[in-house]
Amino acid sequence: MAATFSIESAVRPNILALKPYRCARDDYSTGVLLDANENAYGPALNPSSEAAVNTAGLDINRYPDPHQTDLKNLLCKFRNIPGPEHFFVGVGSDEVIDMVFRVFCVPGKDAVLITPPTYGMYSVSAQINDVEVHKATLTLDGEFQLNVDEIQKQVEAHPNIKIIFLCSPGNPTGSALNHESIRRVLTLPNYKGVVVVDEAYVDFIDANKEGSTATWVTEYPNLIVAQTMSKSFGLAGVRLGVAITTPEIAHYMNAAKAPYNIASTTSRVAQEALQPKGLEILNNHISIMVQERNRLLEAFKSIPALGRVLGTNDANFVLVEVLNKDGKPCNDRAFSVYSDMAKRQGLVVRFRGTEIGCEGCLRITVGTPEENDVVIKRLTEQLS
């Protein structure tokens with residue numbers, strides 16, 4: 001346990017003193033509701049329109065549940081978390097990330113630590129919130145694991161670090177971080193901030209490997225686990241992000257959020273996905289994606305001028321090197337392949353060669369079997 005962590009010293013003083021906005025629905029939720037200045041006549045939608053049919057029964061002329069208790073209870077069951085008091089839900093994991101900044105970092109004073117190569121929104125959110133960024137690079141041996149000694153050095157050199165962001169599985173690395181190393185970061189001596197473990201891709205980790213750290217929130221008072229329904233659930237369009245943490249941290253995150261940040265439509269779709277049939281479909285899709293990921297990995301071995309597949313392949317994408325004629329990773333050739341496939345052949349992947357440790361790399365999402373056939377064909381044509 002992180003013996004030095006204190007919620008009172010970690011949270012911004014103005015957030016500690018914040019009196020949350022009290023919604024009309026906090027007082028009463030049934031009866032003749034004339035307390036929130038809602039439109040009692042209903043939505044301005046053609047009753048026969050697709051939008052009206054799809055939102056029937058949702059009372060979208062009324063504000064949604066500000067606490068999303070039903071949704072949180074379903075998430076509790078799915079992630080094996082004791083109760084809804086451990087949750088914050090937001091508009092995608094990006095709102096989760098931004099809310100952590102707003103709760104813990106004083107603009108112009110505090111700092112965060114990231115472990116590149118990693119998700120770019122940590123740095124973007126830091127700049128938006130006027131927060132300094134320090135870095136401890138992942139191991140550049142192709143495995144992309146934590147360098148805990150370097151993280152500790154950065155924490156000791158910069159005591160104003162309030163958040164450490166760990167991405168597991170990483171983006172763009174695809175590597176799930178070793179659990180022992182995460183525990184070491186959570187218990188760094190004299191570190192008084194929080195640790196965010198971003199698990200956007202956690203459901204793609206093979207069952208025989210170390211998976212989610214979400215259940216650790218009952219053990220570590222400084223842990224925040226960020227998840228999303230955009231990836232494995234296939235619900236990127238509804239924008240539903242989740243923070244799983246201690247009730248104390250969740251309290252301040254919920255206090256600082258907008259009153260009705262989760263739309264009724266988003267909540268309805270997310271709750272449906274968490275029903276038994278939805279979870280059955282989820283597990284089937286994950287199984288197929290893992291099989292297709294393995295098929296891509298095997299196919300890439302026989303494509304000329306493709307080098308190493310980097311990372312430990314724990315996400316729904318593959319990070320692979322494109323080589324030059326000398327057999328070395330080459331940004332120029334990788335970018336040329338990326339650009340030509342997108343403009344001329346209608347196949348769009350992601351060039352990641354500018355990320356540290358990812359020279360010459362393309363990040364390729366695992367698609368349907370038919371889409372993956374196109375990937376294999378196009379890369380073979382480009383690199384033969």
# chains A, B, ... in the order shown; residues from 1 in each chain; ligands from 1
call {"tool": "residues_around", "arguments": {"residues": "Gln345 in chain A", "least_positions_apart": "6", "cutoff": "12 Å", "atoms": "only C-alpha atoms", "output": "list of chain:residue names"}}
result
A:Val337, A:Tyr338, A:Ser339, A:Val374, A:Val375, A:Lys377, A:Arg378, A:Leu379, A:Glu381, A:Gln382
call {"tool": "residues_around", "arguments": {"residues": "range 116-127 of chain A", "least_positions_apart": "6", "cutoff": "9 Å", "atoms": "only C-alpha atoms", "output": "short mmCIF file (atom, residue, chain, number, x, y, z; two decimals) with N, CA, C and O atoms, in the first residue's frame"}}
result
data_model
loop_
_atom_site.label_atom_id
_atom_site.label_comp_id
_atom_site.auth_asym_id
_atom_site.auth_seq_id
_atom_site.Cartn_x
_atom_site.Cartn_y
_atom_site.Cartn_z
N ASP A 94 -11.54 9.89 -22.52
CA ASP A 94 -10.90 11.21 -22.56
C ASP A 94 -11.46 12.13 -21.47
O ASP A 94 -10.73 12.93 -20.90
N ILE A 97 -9.73 11.05 -18.29
CA ILE A 97 -8.38 11.60 -18.21
C ILE A 97 -8.41 13.07 -17.82
O ILE A 97 -7.69 13.51 -16.92
N ASP A 98 -9.26 13.84 -18.49
CA ASP A 98 -9.34 15.27 -18.21
C ASP A 98 -9.81 15.51 -16.78
O ASP A 98 -9.32 16.44 -16.10
N PHE A 101 -7.01 15.27 -14.26
CA PHE A 101 -6.25 16.52 -14.25
C PHE A 101 -6.96 17.58 -13.41
O PHE A 101 -6.34 18.25 -12.57
N VAL A 133 4.73 18.23 -18.14
CA VAL A 133 4.84 16.79 -18.41
C VAL A 133 6.28 16.32 -18.28
O VAL A 133 7.18 16.90 -18.89
N LYS A 135 8.76 12.64 -18.38
CA LYS A 135 8.71 11.37 -19.11
C LYS A 135 9.70 10.35 -18.55
O LYS A 135 10.80 10.70 -18.15
N ALA A 136 9.27 9.11 -18.55
CA ALA A 136 10.13 7.96 -18.25
C ALA A 136 9.86 6.93 -19.34
O ALA A 136 8.85 6.22 -19.31
N THR A 137 10.75 6.87 -20.32
CA THR A 137 10.53 6.05 -21.51
C THR A 137 10.41 4.57 -21.16
O THR A 137 11.12 4.06 -20.29
N LEU A 138 9.51 3.88 -21.84
CA LEU A 138 9.41 2.43 -21.70
C LEU A 138 10.69 1.78 -22.21
O LEU A 138 11.47 2.39 -22.93
N PHE A 144 8.47 -3.04 -24.62
CA PHE A 144 7.80 -1.84 -24.10
C PHE A 144 7.23 -2.05 -22.70
O PHE A 144 6.03 -1.93 -22.48
N PHE A 165 0.71 8.33 -15.48
CA PHE A 165 -0.15 7.62 -16.43
C PHE A 165 0.57 6.38 -16.95
O PHE A 165 1.66 6.47 -17.52
N LEU A 166 -0.06 5.22 -16.77
CA LEU A 166 0.43 3.96 -17.30
C LEU A 166 -0.63 3.40 -18.25
O LEU A 166 -1.79 3.29 -17.87
N CYS A 167 -0.24 3.06 -19.45
CA CYS A 167 -1.18 2.56 -20.45
C CYS A 167 -0.95 1.06 -20.64
O CYS A 167 0.13 0.64 -21.07
N GLY A 170 -0.64 -0.93 -23.97
CA GLY A 170 -0.28 0.39 -24.43
C GLY A 170 -0.75 0.69 -25.84
O GLY A 170 -1.02 -0.21 -26.64
N ASN A 171 -0.85 1.97 -26.10
CA ASN A 171 -1.12 2.48 -27.45
C ASN A 171 -0.03 3.50 -27.77
O ASN A 171 0.06 4.51 -27.08
N PRO A 172 0.85 3.23 -28.72
CA PRO A 172 0.73 2.28 -29.83
C PRO A 172 1.43 0.93 -29.63
O PRO A 172 1.58 0.18 -30.58
N THR A 173 1.87 0.62 -28.41
CA THR A 173 2.76 -0.53 -28.23
C THR A 173 2.04 -1.87 -28.27
O THR A 173 2.62 -2.88 -28.68
N GLU A 355 6.99 8.09 -33.19
CA GLU A 355 6.99 7.77 -31.75
C GLU A 355 8.33 7.12 -31.38
O GLU A 355 8.88 6.32 -32.13
N ILE A 356 8.81 7.45 -30.19
CA ILE A 356 10.07 6.88 -29.73
C ILE A 356 9.99 5.35 -29.69
O ILE A 356 9.00 4.78 -29.22
N GLY A 357 11.00 4.69 -30.24
CA GLY A 357 11.04 3.24 -30.26
C GLY A 357 10.20 2.59 -31.33
O GLY A 357 10.10 1.36 -31.39
N CYS A 358 9.56 3.41 -32.18
CA CYS A 358 8.64 2.88 -33.20
C CYS A 358 9.07 3.26 -34.62
O CYS A 358 8.23 3.40 -35.51
#
call {"tool": "residues_around", "arguments": {"residues": "range 242-244 of chain A", "least_positions_apart": "4", "cutoff": "7 Å", "atoms": "only C-alpha atoms", "output": "list in words"}}
result
His86, Phe87, Phe88, Val89, Gly90, Ser93, Val96, Ala214, Ile224, Val225, Ala226, Gln227 and Thr228 of chain A
call {"tool": "closest_residue", "arguments": {"among": "A:Leu34, A:Leu186, A:Val91, A:Ala299", "to": "Leu240 in chain A", "atoms": "only C-alpha atoms"}}
result
A:Val91
call {"tool": "atom_distance", "arguments": {"atom1": "CA of Asp198 in chain A", "atom2": "CA of Asn372 in chain A"}}
result
27.0 Å
call {"tool": "closest_atom_pairs", "arguments": {"of": "range 171-272 of chain A", "to": "range 309-318 of chain A", "cutoff": "9 Å", "atoms": "only C-alpha atoms", "output": "Markdown table"}}
result
| residue | atom | partner | partner_atom | distance |
| --- | --- | --- | --- | --- |
| A:Asn171 | CA | A:Ala315 | CA | 8.5 |
| A:Pro172 | CA | A:Phe317 | CA | 8.6 |
| A:Thr173 | CA | A:Gly311 | CA | 5.2 |
| A:Gly174 | CA | A:Asn313 | CA | 5.1 |
| A:Ser175 | CA | A:Thr312 | CA | 4.7 |
| A:Ala176 | CA | A:Asp314 | CA | 6.0 |
| A:Ala200 | CA | A:Ala315 | CA | 8.9 |
| A:Tyr201 | CA | A:Ala315 | CA | 5.4 |
| A:Val202 | CA | A:Ala315 | CA | 7.2 |
| A:Asp203 | CA | A:Ala315 | CA | 8.0 |
| A:Phe204 | CA | A:Ala315 | CA | 5.1 |
| A:Ile205 | CA | A:Asp314 | CA | 4.7 |
| A:Asp206 | CA | A:Asp314 | CA | 7.0 |
| A:Lys231 | CA | A:Asn316 | CA | 8.1 |
| A:Ser232 | CA | A:Asn316 | CA | 8.3 |
call {"tool": "atom_distance", "arguments": {"atom1": "CA of Ile249 in chain A", "atom2": "CA of Ile182 in chain A"}}
result
19.1 Å
call {"tool": "decode", "arguments": {"residues": "range 70-96 of chain A", "atoms": "N, CA and C atoms", "output": "CSV table (one decimal), in the first residue's frame"}}
result
chain,number,residue,atom,x,y,z
A,70,ASP,N,-27.9,2.6,-12.1
A,70,ASP,CA,-28.2,1.4,-12.8
A,70,ASP,C,-27.0,0.9,-13.7
A,71,LEU,N,-26.5,1.8,-14.4
A,71,LEU,CA,-25.3,1.5,-15.2
A,71,LEU,C,-24.1,1.1,-14.4
A,72,LYS,N,-23.9,1.8,-13.3
A,72,LYS,CA,-22.7,1.5,-12.5
A,72,LYS,C,-22.9,0.1,-11.8
A,73,ASN,N,-24.1,-0.2,-11.5
A,73,ASN,CA,-24.3,-1.5,-10.9
A,73,ASN,C,-24.0,-2.7,-11.8
A,74,LEU,N,-24.4,-2.5,-13.1
A,74,LEU,CA,-24.0,-3.4,-14.1
A,74,LEU,C,-22.5,-3.5,-14.3
A,75,LEU,N,-21.8,-2.4,-14.3
A,75,LEU,CA,-20.4,-2.4,-14.4
A,75,LEU,C,-19.7,-3.1,-13.2
A,76,CYS,N,-20.3,-2.9,-12.0
A,76,CYS,CA,-19.8,-3.6,-10.9
A,76,CYS,C,-19.8,-5.1,-11.1
A,77,LYS,N,-20.9,-5.6,-11.5
A,77,LYS,CA,-21.0,-7.0,-11.8
A,77,LYS,C,-20.0,-7.5,-12.8
A,78,PHE,N,-19.9,-6.7,-13.9
A,78,PHE,CA,-19.0,-7.2,-15.0
A,78,PHE,C,-17.6,-7.1,-14.6
A,79,ARG,N,-17.1,-6.1,-13.8
A,79,ARG,CA,-15.7,-6.0,-13.5
A,79,ARG,C,-15.4,-6.5,-12.1
A,80,ASN,N,-16.4,-7.1,-11.4
A,80,ASN,CA,-16.2,-7.7,-10.1
A,80,ASN,C,-15.7,-6.6,-9.0
A,81,ILE,N,-16.4,-5.5,-9.0
A,81,ILE,CA,-16.1,-4.4,-8.1
A,81,ILE,C,-17.2,-4.3,-7.0
A,82,PRO,N,-16.8,-4.0,-5.8
A,82,PRO,CA,-17.8,-4.1,-4.7
A,82,PRO,C,-19.1,-3.3,-4.8
A,83,GLY,N,-19.0,-2.1,-5.3
A,83,GLY,CA,-20.2,-1.2,-5.4
A,83,GLY,C,-20.0,0.0,-6.3
A,84,PRO,N,-21.2,0.6,-6.6
A,84,PRO,CA,-21.2,1.7,-7.5
A,84,PRO,C,-20.4,3.0,-7.0
A,85,GLU,N,-20.1,3.0,-5.7
A,85,GLU,CA,-19.4,4.1,-5.2
A,85,GLU,C,-17.9,4.2,-5.7
A,86,HIS,N,-17.5,3.1,-6.3
A,86,HIS,CA,-16.1,3.0,-6.9
A,86,HIS,C,-16.0,3.6,-8.3
A,87,PHE,N,-17.1,4.2,-8.8
A,87,PHE,CA,-17.2,4.5,-10.3
A,87,PHE,C,-17.4,6.0,-10.5
A,88,PHE,N,-16.7,6.4,-11.6
A,88,PHE,CA,-17.0,7.7,-12.3
A,88,PHE,C,-17.3,7.3,-13.7
A,89,VAL,N,-18.3,7.8,-14.4
A,89,VAL,CA,-18.5,7.5,-15.8
A,89,VAL,C,-18.5,8.9,-16.5
A,90,GLY,N,-17.9,8.8,-17.7
A,90,GLY,CA,-17.7,10.1,-18.5
A,90,GLY,C,-17.9,9.9,-20.0
A,91,VAL,N,-17.8,11.0,-20.7
A,91,VAL,CA,-17.9,11.0,-22.1
A,91,VAL,C,-16.6,10.4,-22.7
A,92,GLY,N,-16.5,9.1,-22.8
A,92,GLY,CA,-15.3,8.5,-23.3
A,92,GLY,C,-14.2,8.5,-22.2
A,93,SER,N,-13.2,7.7,-22.4
A,93,SER,CA,-12.1,7.8,-21.4
A,93,SER,C,-11.3,9.1,-21.4
A,94,ASP,N,-11.5,9.9,-22.5
A,94,ASP,CA,-10.9,11.2,-22.6
A,94,ASP,C,-11.5,12.1,-21.5
A,95,GLU,N,-12.8,12.0,-21.2
A,95,GLU,CA,-13.3,12.8,-20.0
A,95,GLU,C,-12.7,12.3,-18.7
A,96,VAL,N,-12.5,11.0,-18.6
A,96,VAL,CA,-11.9,10.5,-17.4
A,96,VAL,C,-10.5,11.1,-17.2
